[in-house]
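**Q** What follows is the file model_30.txt, containing compact mmCIF, C-alpha atoms:
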# COMPACT_ATOMS: atom_id res chain seq x y z
CA MET U 1 18.06 12.66 18.33
CA TRP U 2 16.66 16.18 17.96
CA LYS U 3 17.59 16.16 14.28
CA THR U 4 15.57 12.95 13.82
CA ILE U 5 12.60 14.41 15.69
CA ARG U 6 12.64 17.55 13.55
CA SER U 7 12.86 15.53 10.34
CA ASP U 8 9.92 13.34 11.44
CA ILE U 9 7.82 16.45 12.06
CA LYS U 10 8.88 17.98 8.76
CA ALA U 11 7.77 14.80 6.96
CA VAL U 12 4.25 15.43 8.25
CA PHE U 13 4.19 18.96 6.83
CA ASP U 14 5.66 17.76 3.54
CA ASN U 15 3.02 15.07 3.04
CA ASP U 16 -0.15 16.19 4.81
CA PRO U 17 -1.85 19.38 3.55
CA ALA U 18 -4.07 19.34 6.67
CA ALA U 19 -1.11 19.94 9.01
CA ARG U 20 -1.36 23.51 10.33
CA SER U 21 1.04 23.94 13.25
CA TRP U 22 3.90 22.21 15.03
CA PHE U 23 1.85 22.07 18.23
CA GLU U 24 -1.00 20.27 16.47
CA VAL U 25 1.34 17.82 14.75
CA VAL U 26 3.34 16.98 17.89
CA PHE U 27 0.32 16.42 20.13
CA THR U 28 -2.35 14.98 17.82
CA TYR U 29 -0.69 12.91 15.07
CA SER U 30 -0.84 9.25 16.11
CA GLY U 31 1.42 8.15 13.27
CA LEU U 32 4.16 10.40 14.60
CA HIS U 33 3.66 9.10 18.15
CA ALA U 34 3.90 5.50 16.93
CA ILE U 35 7.16 6.22 15.09
CA TRP U 36 8.72 7.90 18.13
CA ALA U 37 7.63 5.08 20.42
CA HIS U 38 9.12 2.60 17.96
CA ARG U 39 12.46 4.39 17.93
CA VAL U 40 12.67 3.96 21.72
CA ALA U 41 11.49 0.33 21.55
CA HIS U 42 13.93 -0.47 18.75
CA TRP U 43 16.81 1.01 20.77
CA LEU U 44 15.91 -1.35 23.63
CA TYR U 45 15.41 -4.29 21.25
CA THR U 46 18.89 -3.93 19.73
CA ARG U 47 20.29 -4.10 23.27
CA LYS U 48 18.41 -7.36 23.91
CA LEU U 49 15.95 -5.76 26.33
CA PHE U 50 13.15 -7.58 24.54
CA ALA U 51 10.48 -7.47 27.25
CA ALA U 52 10.84 -3.72 27.79
CA ALA U 53 10.78 -3.15 24.03
CA ARG U 54 7.59 -5.19 23.60
CA ILE U 55 5.89 -3.39 26.49
CA ILE U 56 6.53 -0.04 24.82
CA SER U 57 5.38 -1.29 21.41
CA GLN U 58 2.19 -2.77 22.88
CA PHE U 59 1.41 0.41 24.79
CA SER U 60 1.94 2.37 21.56
CA ARG U 61 -0.38 -0.04 19.76
CA PHE U 62 -3.06 0.49 22.41
CA MET U 63 -2.76 4.29 22.20
CA THR U 64 -2.39 4.73 18.43
CA GLY U 65 -3.88 1.64 16.73
CA ILE U 66 -0.55 1.19 14.92
CA GLU U 67 1.46 -1.97 15.59
CA ILE U 68 5.18 -1.80 14.87
CA HIS U 69 7.32 -4.67 16.11
CA PRO U 70 10.37 -3.31 17.95
CA GLY U 71 12.63 -5.40 15.74
CA ALA U 72 11.59 -3.58 12.56
CA THR U 73 14.14 -1.21 11.03
CA ILE U 74 12.72 2.16 9.99
CA GLY U 75 14.56 4.84 8.05
CA GLU U 76 14.20 8.60 8.17
CA ARG U 77 11.06 10.66 7.56
CA LEU U 78 8.54 7.82 7.55
CA PHE U 79 5.01 9.27 7.35
CA ILE U 80 2.04 7.22 8.56
CA ASP U 81 -1.19 8.98 7.61
CA HIS U 82 -4.46 8.03 9.38
CA GLY U 83 -2.53 5.03 10.64
CA MET U 84 -5.24 2.94 12.31
CA GLY U 85 -4.66 -0.74 11.56
CA VAL U 86 -1.09 -0.41 10.22
CA VAL U 87 1.02 -3.50 11.06
CA ILE U 88 4.79 -3.70 10.54
CA GLY U 89 6.52 -7.04 11.19
CA GLU U 90 9.67 -7.87 13.10
CA THR U 91 12.13 -8.30 10.22
CA CYS U 92 10.65 -5.56 8.06
CA GLU U 93 13.05 -2.90 6.77
CA ILE U 94 11.80 0.50 5.60
CA GLY U 95 13.87 3.06 3.73
CA ASN U 96 13.71 6.84 3.81
CA ASP U 97 10.77 9.11 2.84
CA VAL U 98 8.19 6.30 2.80
CA ILE U 99 4.44 6.98 3.09
CA LEU U 100 2.03 4.46 4.63
CA TYR U 101 -1.74 4.92 4.75
CA GLN U 102 -4.28 3.30 7.04
CA GLY U 103 -4.71 -0.45 7.12
CA VAL U 104 -1.34 -1.27 5.54
CA THR U 105 0.24 -4.60 6.51
CA LEU U 106 3.93 -5.32 6.02
CA GLY U 107 3.88 -8.92 7.12
CA GLY U 108 4.97 -12.48 6.50
CA THR U 109 3.25 -15.48 5.01
CA GLY U 110 3.86 -17.65 8.08
CA LYS U 111 6.11 -20.05 6.15
CA GLU U 112 9.55 -18.50 6.45
CA LYS U 113 12.11 -18.42 9.23
CA GLY U 114 14.61 -15.65 9.75
CA LYS U 115 13.97 -12.76 7.35
CA ARG U 116 10.27 -13.16 6.66
CA HIS U 117 8.97 -9.62 6.14
CA PRO U 118 9.41 -7.26 3.19
CA THR U 119 12.15 -4.72 2.60
CA ILE U 120 10.68 -1.40 1.49
CA GLY U 121 12.91 0.93 -0.52
CA SER U 122 13.03 4.71 -0.27
CA LYS U 123 10.28 7.07 -1.49
CA VAL U 124 7.71 4.27 -1.67
CA VAL U 125 3.98 5.00 -1.29
CA ILE U 126 1.79 2.20 0.08
CA SER U 127 -1.89 3.09 -0.13
CA SER U 128 -4.82 2.28 2.14
CA GLY U 129 -5.43 -1.38 2.93
CA ALA U 130 -2.49 -2.72 0.91
CA LYS U 131 -0.88 -5.96 2.10
CA ILE U 132 2.76 -6.75 1.34
CA LEU U 133 3.50 -10.27 2.52
CA GLY U 134 6.79 -12.12 2.37
CA SER U 135 10.53 -11.64 2.34
CA PHE U 136 11.23 -9.66 -0.83
CA LYS U 137 12.04 -6.11 -1.84
CA VAL U 138 9.80 -3.28 -2.98
CA GLY U 139 12.09 -1.03 -5.03
CA ASP U 140 12.64 2.69 -4.65
CA ASN U 141 9.90 5.06 -5.89
CA ALA U 142 7.38 2.22 -6.16
CA MET U 143 3.69 2.86 -5.61
CA ILE U 144 1.31 0.22 -4.22
CA GLY U 145 -2.37 0.85 -4.92
CA ALA U 146 -5.16 0.71 -2.37
CA ASN U 147 -6.09 -2.82 -1.17
CA ALA U 148 -3.43 -4.46 -3.35
CA VAL U 149 -2.00 -7.77 -2.15
CA VAL U 150 1.68 -7.98 -3.10
CA LEU U 151 3.34 -11.40 -2.88
CA LYS U 152 6.49 -10.97 -4.98
CA GLU U 153 9.27 -8.48 -5.63
CA VAL U 154 8.40 -5.07 -7.04
CA PRO U 155 11.01 -3.35 -9.24
CA ALA U 156 11.93 0.27 -8.66
CA ASN U 157 9.75 2.97 -10.27
CA SER U 158 6.78 0.62 -10.60
CA THR U 159 3.07 0.93 -9.84
CA VAL U 160 1.30 -2.17 -8.52
CA VAL U 161 -2.45 -2.71 -8.13
CA GLY U 162 -4.89 -5.61 -7.76
CA ILE U 163 -5.17 -8.99 -6.03
CA PRO U 164 -2.68 -10.49 -6.45
CA GLY U 165 -0.64 -7.39 -7.16
CA LYS U 166 0.28 -6.73 -10.79
CA ILE U 167 2.70 -4.16 -12.15
CA VAL U 168 0.80 -1.65 -14.29
CA LYS U 169 3.52 0.98 -14.70
CA ARG U 170 7.29 0.76 -14.76
CA ASP U 171 9.83 3.41 -15.66
CA GLY U 172 7.01 5.40 -17.27
CA ILE U 173 4.95 8.41 -16.30
CA ARG U 174 4.38 8.11 -12.58
CA VAL U 175 1.22 8.91 -10.65
CA ASN U 176 1.56 11.78 -8.16
CA ARG U 177 2.91 10.33 -4.90
CA LEU U 178 -0.02 11.61 -2.86
CA ASP U 179 -2.70 10.82 -5.45
CA HIS U 180 -2.94 7.24 -4.24
CA GLY U 181 -6.54 6.82 -5.41
CA ASN U 182 -5.74 7.62 -9.03
CA VAL U 183 -4.08 4.42 -10.25
CA PRO U 184 -5.02 2.06 -13.08
CA ASP U 185 -7.36 -0.82 -12.17
CA PRO U 186 -6.59 -4.01 -14.15
CA VAL U 187 -9.74 -5.74 -12.85
CA LEU U 188 -11.93 -2.89 -14.12
CA ASP U 189 -10.10 -2.95 -17.46
CA LEU U 190 -10.75 -6.71 -17.73
CA CYS U 191 -14.45 -6.20 -16.98
CA ARG U 192 -14.68 -3.56 -19.69
CA THR U 193 -12.99 -5.88 -22.20
CA LEU U 194 -15.38 -8.72 -21.32
CA GLN U 195 -18.37 -6.39 -21.71
CA VAL U 196 -17.23 -5.41 -25.20
CA GLN U 197 -16.90 -9.08 -26.15
CA ILE U 198 -20.36 -9.85 -24.73
CA ASP U 199 -21.88 -7.01 -26.78
CA GLU U 200 -20.21 -8.35 -29.94
CA LEU U 201 -21.54 -11.87 -29.28
CA ARG U 202 -25.02 -10.49 -28.75
CA GLU U 203 -24.87 -8.70 -32.10
CA GLN U 204 -23.71 -11.88 -33.83
CA LEU U 205 -26.51 -13.84 -32.18
CA GLU U 206 -29.12 -11.34 -33.32
CA GLU U 207 -27.75 -11.51 -36.86
CA GLU U 208 -27.96 -15.31 -36.80
CA LYS U 209 -31.55 -15.16 -35.55
CA ILE U 210 -32.52 -12.79 -38.35
CA LYS U 211 -30.70 -14.90 -40.92
CA ASN U 212 -32.25 -18.18 -39.75
CA GLY U 213 -35.67 -16.60 -39.52
CA GLY U 214 -35.39 -15.32 -43.07
CA VAL U 215 -34.39 -18.74 -44.36
CA ARG U 216 -37.35 -20.45 -42.67
CA GLU U 217 -39.78 -17.89 -44.08
CA HIS U 218 -38.37 -18.37 -47.61
CA ASP U 219 -38.66 -22.17 -47.34
CA THR U 220 -42.30 -21.90 -46.15
CA GLN U 221 -43.23 -19.75 -49.17
CA ASN U 222 -41.70 -22.29 -51.58
CA VAL U 223 -43.73 -25.08 -50.01
I'd like the structure from this file rewritten - as structure tokens, please.
**A**
Amino acid sequence: MWKTIRSDIKAVFDNDPAARSWFEVVFTYSGLHAIWAHRVAHWLYTRKLFAAARIISQFSRFMTGIEIHPGATIGERLFIDHGMGVVIGETCEIGNDVILYQGVTLGGTGKEKGKRHPTIGSKVVISSGAKILGSFKVGDNAMIGANAVVLKEVPANSTVVGIPGKIVKRDGIRVNRLDHGNVPDPVLDLCRTLQVQIDELREQLEEEKIKNGGVREHDTQNV
């Protein structure tokens, strides 16, 4: 137990440059409090003490703003940064060394029974506001961009952005794990492409106007 507590605290120092002291981390980091409360609730849940487990998880939700169902399985060194609004569903499974930012939802679509929440691999970064919905796997070392909505499996070593989520990098040069705001934006790229095409059409239209105007002037002179 103490080994797990120490590793949870170390994960904060490894991933948050604002962390200054053990005292500050232990007493002021709501993400850490939510994880510790979940470990107790999950212990009760696995022993079929469902009511007690839910009471602890709901109290933790009230105190931290982070809702983790006691049935969720969480690995080692999970780091929840600025965790307000994070929701983790009952059948969700999270690997080791995962980072979650505020507003992340690991939920279901409401259509499945049994395993209905995602399985998150190890060393995955899920950025602010991202929604991962459904029973599928997000592979190891994947990175989910801010506000992405992911509805299907993500291979390992991939970067996903957009709504719905699209893979923009795979087995290539990866973005720094903590630089979650610096990811490609396929929607912005599409807008830029459309703007280029609009500019080309405008040039063609101007050329046609000049050409047609010249023809009309020539015909008038002949008359």
**Q** As a PyMOL selection string, please: the residues near segment 65-69 of chain U (cut-off 10 Å, only C-alpha atoms, same-chain neighbours under 5 positions excluded).
**A** chain U and resi 30-31+33-35+37-38+41-42+45+53-54+56-60+74+80+82-92+102-106
**Q** Between atom CA of Val150 of chain U and atom CA of Arg170 of chain U, what is the distance, to one decimal in Å?
**A**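 Value for the atom CA of Val150 of chain U-atom CA of Arg170 of chain U distance: 15.6 Å.
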**Q** Between atom CA of Met1 of chain U and atom CA of Trp36 of chain U, what is the distance, to one decimal in Å?
**A**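 Interatomic distance here is 10.5 Å.
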**Q** Could you list, as a list of chain:residue names, every residue within 12 Å of Ser21 of chain U, counting all atoms listed in the file and ignoring same-chain residues fewer than 5 positions away?
**A**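 Result of the neighbour search: U:Ile9, U:Lys10, U:Val12, U:Phe13, U:Asp16, U:Val26, U:Phe27, U:Thr28, U:Tyr29.
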**Q** Could you check the closest approach to Gly110 of chain U for each of U:Thr159, U:Ser135, U:Asn212, U:Thr4 and tell me which residue wins, using only C-alpha atoms?
**A** U:Ser135
**Q** Could you work out how far atom CA of Thr73 of chain U lies from atom CA of Val168 of chain U, giving the answer in Å with one decimal?
**A**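 These atoms are spaced 28.6 Å apart.
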**Q** List the spatial neighbours of Lys123 of chain U as a VMD selection string - criterion: any atom at most 8 Å away, all atoms listed in the file, same-chain residues fewer than 2 positions off excluded.
**A** chain U and resid 95 to 99 121 125 140 to 142
**Q** Those same residues - C-alpha atoms - I'd like them written as a CSV table (one decimal), in the coordinates of the input.
**A**
chain,number,residue,atom,x,y,z
U,95,GLY,CA,13.9,3.1,3.7
U,96,ASN,CA,13.7,6.8,3.8
U,97,ASP,CA,10.8,9.1,2.8
U,98,VAL,CA,8.2,6.3,2.8
U,99,ILE,CA,4.4,7.0,3.1
U,121,GLY,CA,12.9,0.9,-0.5
U,125,VAL,CA,4.0,5.0,-1.3
U,140,ASP,CA,12.6,2.7,-4.6
U,141,ASN,CA,9.9,5.1,-5.9
U,142,ALA,CA,7.4,2.2,-6.2
**Q** Of the candidates U:Leu78, U:Val40, U:Ile94, U:Ala72, which one gets nearest to Asp8 of chain U if we count only C-alpha atoms?
**A** U:Leu78
**Q** Rank nothing, just name the residue among U:Leu100, U:Arg192, U:Ser128, U:Gly165 nearest to Val149 of chain U, using all atoms listed in the file.
**A**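 Of all the options, U:Gly165 lies closest to Val149 of chain U.
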**Q** Which is closer to Arg116 of chain U than all the others in U:Val160, U:Ala146, U:Cys191, U:Leu151, using all atoms listed in the file?
**A**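 Closest to Arg116 of chain U, using all atoms listed in the file: U:Leu151.
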